[in-house]
$ cat upload_23.pdb   # PDB, C-alpha atoms
ATOM      1  CA  TYR J   1      76.922  55.464 104.882
ATOM      2  CA  ALA J   2      80.436  56.838 104.352
ATOM      3  CA  ASN J   3      80.829  54.841 101.120
ATOM      4  CA  LEU J   4      77.486  56.103  99.780
ATOM      5  CA  ARG J   5      78.396  59.673 100.705
ATOM      6  CA  ASP J   6      81.786  59.425  98.985
ATOM      7  CA  ALA J   7      80.193  57.929  95.873
ATOM      8  CA  ARG J   8      77.643  60.750  95.778
ATOM      9  CA  HIS J   9      80.414  63.282  96.282
ATOM     10  CA  ARG J  10      82.383  61.913  93.314
ATOM     11  CA  GLN J  11      79.247  61.943  91.184
ATOM     12  CA  ASN J  12      78.459  65.563  92.038
ATOM     13  CA  ARG J  13      82.046  66.657  91.440
ATOM     14  CA  LYS J  14      82.026  64.952  88.046
ATOM     15  CA  MET J  15      78.782  66.699  87.119
ATOM     16  CA  ILE J  16      80.084  70.138  88.149
ATOM     17  CA  SER J  17      83.422  69.621  86.373
ATOM     18  CA  LYS J  18      81.577  69.165  83.067
ATOM     19  CA  LYS J  19      80.277  72.734  83.277
ATOM     20  CA  ILE J  20      82.479  75.684  82.469
ATOM     21  CA  VAL J  21      82.924  77.882  85.515
ATOM     22  CA  PHE J  22      81.008  80.691  83.810
ATOM     23  CA  ASP J  23      77.854  78.525  83.981
ATOM     24  CA  TRP J  24      78.210  77.561  87.644
ATOM     25  CA  SER J  25      75.330  78.503  89.914
ATOM     26  CA  PRO J  26      75.931  79.833  93.441
ATOM     27  CA  THR J  27      74.965  76.409  94.754
ATOM     28  CA  ASP J  28      77.510  74.712  92.471
ATOM     29  CA  PHE J  29      80.245  76.998  93.741
ATOM     30  CA  ALA J  30      79.194  76.540  97.354
ATOM     31  CA  TYR J  31      79.282  72.777  96.949
ATOM     32  CA  TRP J  32      82.672  72.818  95.241
ATOM     33  CA  VAL J  33      84.204  74.974  97.982
ATOM     34  CA  SER J  34      82.606  73.191 100.938
ATOM     35  CA  GLN J  35      83.882  69.796  99.776
ATOM     36  CA  GLN J  36      87.532  70.777  99.514
ATOM     37  CA  PRO J  37      89.764  69.077 102.124
ATOM     38  CA  THR J  38      91.559  72.315 103.006
ATOM     39  CA  LEU J  39      88.230  73.987 103.828
ATOM     40  CA  GLU J  40      86.604  71.077 105.622
ATOM     41  CA  ASN J  41      86.676  72.623 109.097
ATOM     42  CA  ASP J  42      85.025  75.837 107.928
ATOM     43  CA  SER J  43      82.845  74.494 105.141
ATOM     44  CA  LYS J  44      79.497  75.350 106.732
ATOM     45  CA  GLU J  45      80.376  79.004 107.239
ATOM     46  CA  PHE J  46      81.805  79.379 103.767
ATOM     47  CA  GLU J  47      78.907  77.554 102.158
ATOM     48  CA  ARG J  48      76.432  79.788 103.986
ATOM     49  CA  ALA J  49      78.262  82.950 102.924
ATOM     50  CA  ILE J  50      78.568  81.912  99.307
ATOM     51  CA  LYS J  51      74.973  80.751  98.923
ATOM     52  CA  LYS J  52      73.636  83.858 100.607
ATOM     53  CA  GLY J  53      75.984  86.098  98.682
ATOM     54  CA  LYS J  54      75.166  84.671  95.240
ATOM     55  CA  ILE J  55      78.785  84.472  94.142
ATOM     56  CA  SER J  56      78.099  82.704  90.856
ATOM     57  CA  GLY J  57      80.503  81.359  88.285
ATOM     58  CA  LYS J  58      79.867  84.445  86.163
ATOM     59  CA  VAL J  59      81.061  86.744  88.932
ATOM     60  CA  ILE J  60      84.179  84.623  89.410
ATOM     61  CA  SER J  61      85.109  84.278  85.760
ATOM     62  CA  ILE J  62      85.056  88.023  85.002
ATOM     63  CA  GLN J  63      87.806  88.760  87.534
ATOM     64  CA  ASN J  64      91.415  89.191  86.519
ATOM     65  CA  LYS J  65      94.064  87.577  88.699
ATOM     66  CA  ALA J  66      94.463  90.571  91.013
ATOM     67  CA  THR J  67      90.744  91.214  91.575
ATOM     68  CA  PHE J  68      90.112  87.481  91.867
ATOM     69  CA  LYS J  69      92.440  87.393  94.861
ATOM     70  CA  THR J  70      90.634  90.378  96.378
ATOM     71  CA  LEU J  71      87.260  88.719  95.809
ATOM     72  CA  MET J  72      88.336  85.505  97.556
ATOM     73  CA  ASN J  73      89.732  87.546 100.432
ATOM     74  CA  ASN J  74      86.532  89.587 100.811
ATOM     75  CA  ILE J  75      84.373  86.483 100.862
ATOM     76  CA  GLY J  76      86.219  85.474 104.018
ATOM     77  CA  PHE J  77      88.626  82.699 103.045
ATOM     78  CA  ASN J  78      91.736  82.202 105.163
ATOM     79  CA  VAL J  79      95.221  82.177 103.629
ATOM     80  CA  PRO J  80      95.448  78.423 102.839
ATOM     81  CA  ALA J  81      91.983  78.556 101.278
ATOM     82  CA  ARG J  82      92.868  81.567  99.136
ATOM     83  CA  LYS J  83      96.034  79.853  97.893
ATOM     84  CA  PHE J  84      94.076  76.737  97.060
ATOM     85  CA  LEU J  85      91.436  78.669  95.139
ATOM     86  CA  LEU J  86      93.977  80.807  93.314
ATOM     87  CA  ASN J  87      95.901  77.719  92.210
ATOM     88  CA  SER J  88      92.902  75.634  91.172
ATOM     89  CA  LEU J  89      89.689  77.556  90.564
ATOM     90  CA  TYR J  90      91.329  80.415  88.654
ATOM     91  CA  GLN J  91      93.221  77.911  86.506
ATOM     92  CA  MET J  92      89.929  76.165  85.834
ATOM     93  CA  CYS J  93      88.430  79.498  84.724
ATOM     94  CA  THR J  94      91.228  80.046  82.239
ATOM     95  CA  LYS J  95      91.459  76.482  80.934
ATOM     96  CA  ASP J  96      87.750  75.936  80.229
ATOM     97  CA  GLY J  97      87.399  79.232  78.373
ATOM     98  CA  SER J  98      85.079  80.903  80.884
ATOM     99  CA  HIS J  99      87.545  83.751  81.323
ATOM    100  CA  GLU J 100      87.630  84.653  77.632
ATOM    101  CA  ALA J 101      84.575  86.905  77.850
ATOM    102  CA  SER J 102      86.265  89.318  80.255
ATOM    103  CA  ASN J 103      89.479  89.270  78.201
ATOM    104  CA  ASN J 104      87.542  90.245  75.072
ATOM    105  CA  LEU J 105      85.890  93.103  76.934
ATOM    106  CA  ALA J 106      89.268  94.260  78.215
ATOM    107  CA  LYS J 107      90.519  94.538  74.630
ATOM    108  CA  GLU J 108      87.602  96.881  73.968
ATOM    109  CA  ASN J 109      88.489  98.893  77.083
ATOM    110  CA  LYS J 110      85.307  97.678  78.767
ATOM    111  CA  LEU J 111      84.812  96.004  82.141
ATOM    112  CA  LEU J 112      82.062  94.076  83.891
ATOM    113  CA  LEU J 113      81.179  95.335  87.363
ATOM    114  CA  PRO J 114      78.963  93.226  89.664
ATOM    115  CA  ILE J 115      76.568  95.262  91.848
ATOM    116  CA  SER J 116      75.785  93.935  95.316
ATOM    117  CA  ARG J 117      73.195  95.052  97.861
ATOM    118  CA  ARG J 118      75.288  93.649 100.724
ATOM    119  CA  SER J 119      78.868  93.928 101.878
ATOM    120  CA  ALA J 120      81.391  91.107 102.205
ATOM    121  CA  PRO J 121      81.203  88.292 102.967
ATOM    122  CA  PHE J 122      77.429  88.105 102.393
ATOM    123  CA  TYR J 123      77.371  89.627  98.940
ATOM    124  CA  ASN J 124      73.990  89.781  97.232
ATOM    125  CA  VAL J 125      74.852  90.360  93.578
ATOM    126  CA  VAL J 126      71.735  91.666  91.840
ATOM    127  CA  THR J 127      73.163  92.635  88.445
ATOM    128  CA  ILE J 128      76.365  92.976  86.429
ATOM    129  CA  VAL J 129      76.834  96.167  84.431
ATOM    130  CA  GLU J 130      79.203  96.971  81.586
ATOM    131  CA  ILE J 131      81.391  99.988  82.261
ATOM    132  CA  SER J 132      84.239 101.761  80.507
ATOM    133  CA  ALA J 133      87.454 103.109  81.956
ATOM    134  CA  LYS J 134      85.845 106.567  82.177
ATOM    135  CA  THR J 135      82.499 105.591  83.750
ATOM    136  CA  THR J 136      81.835 107.545  86.929
ATOM    137  CA  LEU J 137      79.607 106.572  89.835
ATOM    138  CA  LYS J 138      77.294 109.410  88.813
ATOM    139  CA  SER J 139      76.536 107.854  85.414
ATOM    140  CA  LEU J 140      76.378 104.411  86.993
ATOM    141  CA  HIS J 141      73.872 105.715  89.546
ATOM    142  CA  LYS J 142      71.628 107.005  86.743
ATOM    143  CA  GLU J 143      71.829 103.689  84.909
ATOM    144  CA  LEU J 144      70.890 101.676  87.987
ATOM    145  CA  ASN J 145      67.985 104.038  88.695
ATOM    146  CA  LYS J 146      66.615 103.291  85.225
ATOM    147  CA  THR J 147      67.060  99.511  85.454
ATOM    148  CA  ILE J 148      67.238  97.485  88.659
ATOM    149  CA  LYS J 149      65.898 100.097  91.074
ATOM    150  CA  LYS J 150      62.328  99.747  89.819
ATOM    151  CA  ASP J 151      62.504  95.989  89.283
ATOM    152  CA  LEU J 152      63.763  95.351  92.825
ATOM    153  CA  ASN J 153      61.629  98.031  94.531
ATOM    154  CA  MET J 154      64.780  99.653  95.844
ATOM    155  CA  ARG J 155      64.814 102.731  98.020
ATOM    156  CA  PRO J 156      67.243 105.607  97.337
ATOM    157  CA  PHE J 157      70.755 104.221  97.570
ATOM    158  CA  VAL J 158      74.368 105.307  97.911
ATOM    159  CA  PHE J 159      77.624 103.563  96.994
ATOM    160  CA  MET J 160      79.961 102.119  99.601
ATOM    161  CA  ARG J 161      83.724 102.591  99.543
ATOM    162  CA  PRO J 162      85.889  99.482 100.019
ATOM    163  CA  ASP J 163      86.626 100.653 103.585
ATOM    164  CA  GLY J 164      82.886 100.492 104.380
ATOM    165  CA  ASN J 165      82.147 104.234 104.384
ATOM    166  CA  ARG J 166      79.196 105.629 102.453
ATOM    167  CA  ILE J 167      79.675 107.953  99.510
ATOM    168  CA  PRO J 168      77.077 110.767  99.434
ATOM    169  CA  ALA J 169      75.239 110.930  96.126
ATOM    170  CA  VAL J 170      76.480 114.491  95.537
ATOM    171  CA  GLU J 171      80.066 113.159  95.432
ATOM    172  CA  ASP J 172      79.444 110.385  92.886
ATOM    173  CA  HIS J 173      81.069 112.399  90.094
ATOM    174  CA  ASN J 174      84.401 112.306  91.960
ATOM    175  CA  TYR J 175      84.751 108.510  91.752
ATOM    176  CA  ASN J 176      85.589 106.239  88.834
ATOM    177  CA  ALA J 177      83.468 103.077  88.756
ATOM    178  CA  ARG J 178      86.399 100.783  87.927
ATOM    179  CA  GLU J 179      87.952 101.652  91.302
ATOM    180  CA  PHE J 180      85.240  99.529  92.911
ATOM    181  CA  LEU J 181      86.153  96.232  91.247
ATOM    182  CA  PRO J 182      85.768  93.350  91.900
ATOM    183  CA  ILE J 183      82.305  94.074  93.398
ATOM    184  CA  CYS J 184      80.585  97.418  93.876
ATOM    185  CA  VAL J 185      78.413  97.558  96.999
ATOM    186  CA  ILE J 186      75.364  99.807  97.309
ATOM    187  CA  ARG J 187      73.408 100.610 100.440
ATOM    188  CA  GLU J 188      69.787 101.698 100.353
ATOM    189  CA  GLN J 189      69.036 104.654 102.577
ATOM    190  CA  THR J 190      67.323 108.016 102.613
ATOM    191  CA  VAL J 191      69.085 111.357 103.069
ATOM    192  CA  GLU J 192      67.791 111.501 106.633
ATOM    193  CA  GLU J 193      69.248 108.074 107.399
ATOM    194  CA  GLU J 194      72.604 109.079 105.967
ATOM    195  CA  LYS J 195      72.594 112.304 107.995
ATOM    196  CA  ALA J 196      71.688 110.397 111.160
ATOM    197  CA  ASP J 197      74.536 107.936 110.537
ATOM    198  CA  ASN J 198      77.000 110.797 110.066
ATOM    199  CA  GLU J 199      75.855 112.465 113.285
ATOM    200  CA  LYS J 200      76.179 109.165 115.107
ATOM    201  CA  MET J 201      79.725 108.750 113.797
ATOM    202  CA  VAL J 202      80.691 112.273 114.896
ATOM    203  CA  ALA J 203      79.257 111.653 118.367
ATOM    204  CA  LEU J 204      81.164 108.392 118.622
ATOM    205  CA  ARG J 205      84.439 110.055 117.668
ATOM    206  CA  LYS J 206      83.888 112.808 120.245
ATOM    207  CA  GLU J 207      83.256 110.169 122.891
ATOM    208  CA  LEU J 208      86.450 108.334 121.957
ATOM    209  CA  ILE J 209      88.436 111.579 122.185
ATOM    210  CA  ARG J 210      86.905 112.354 125.568
ATOM    211  CA  GLN J 211      87.808 108.904 126.891
ATOM    212  CA  ARG J 212      91.394 109.258 125.698
ATOM    213  CA  GLU J 213      91.752 112.656 127.357
ATOM    214  CA  ASN J 214      90.468 111.238 130.639
TER     215      ASN J 214
END

$ encode --input "upload_23.pdb" --output "structure tokens"
Amino acid sequence: YANLRDARHRQNRKMISKKIVFDWSPTDFAYWVSQQPTLENDSKEFERAIKKGKISGKVISIQNKATFKTLMNNIGFNVPARKFLLNSLYQMCTKDGSHEASNNLAKENKLLLPISRRSAPFYNVVTIVEISAKTTLKSLHKELNKTIKKDLNMRPFVFMRPDGNRIPAVEDHNYNAREFLPICVIREQTVEEEKADNEKMVALRKELIRQREN
């Protein structure tokens, strides 16, 4: 059984290596990661996160070196895993030409921003939008309302800051979209839900202060 498994593993690796990273599916990426020796002990958790999060080859290949490191960290990889991926997968992106698309956009002062309906590590990337250096969340919000909101039957949504806090829609004009690379997370909620969450947070902080004083 072990020999058959190893033979199948080599065959699958050979098949995936023939594709440029840009064309990898989430399943391809999950398989590649879960079969690495350095990730063997945690392969099931990583594979589950990647498959569920739809981190495709396209999402990977549009990252520059700095945001690529952030992306790998947000997915949930430990330090040895991040080093392995930075030294191998990123090199693969650059060598096979899958990273050229993002470089060409950068020359035009344009960026590609993946939009996810879930936070790390279970990203659910639903679209990738082209933004400029001056694109604000307000204009991005309008664009998403015209495109994916109707197609995905989305409720009213707000953007999430990298620290996990919600950004009220009225404050969208204060944020530049490029600040949310490598992946911009949105959270569907109504105004009432957002208000209830804020009140809950205030109550929790008051309780923490009261406990400290006691």

$ closest_residue --input "upload_23.pdb" --among "J:Asn12, J:Ser17, J:Ser25, J:Asn74" --to "Gly57 in chain J" --atoms "all atoms listed in the file"
J:Ser25

$ resolve_selection --input "upload_23.pdb" --expression "the PyMOL selection byres ((chain J and resi 102-117) around 7)" --output "ChimeraX atom specification"
/J:59,62,99-101,118,123-133,181-187

$ atom_distance --input "upload_23.pdb" --atom1 "CA of Phe159 in chain J" --atom2 "CA of Leu137 in chain J"
8.0 Å

$ closest_residue --input "upload_23.pdb" --among "J:Thr70, J:Thr136, J:Pro156, J:Arg82" --to "Asn174 in chain J" --atoms "all atoms listed in the file"
J:Thr136

$ closest_residue --input "upload_23.pdb" --among "J:Ser34, J:Ser98, J:Asn198, J:Thr147" --to "Leu85 in chain J" --atoms "only C-alpha atoms"
J:Ser34

$ atom_distance --input "upload_23.pdb" --atom1 "CA of Ile50 in chain J" --atom2 "CA of Thr27 in chain J"
8.0 Å
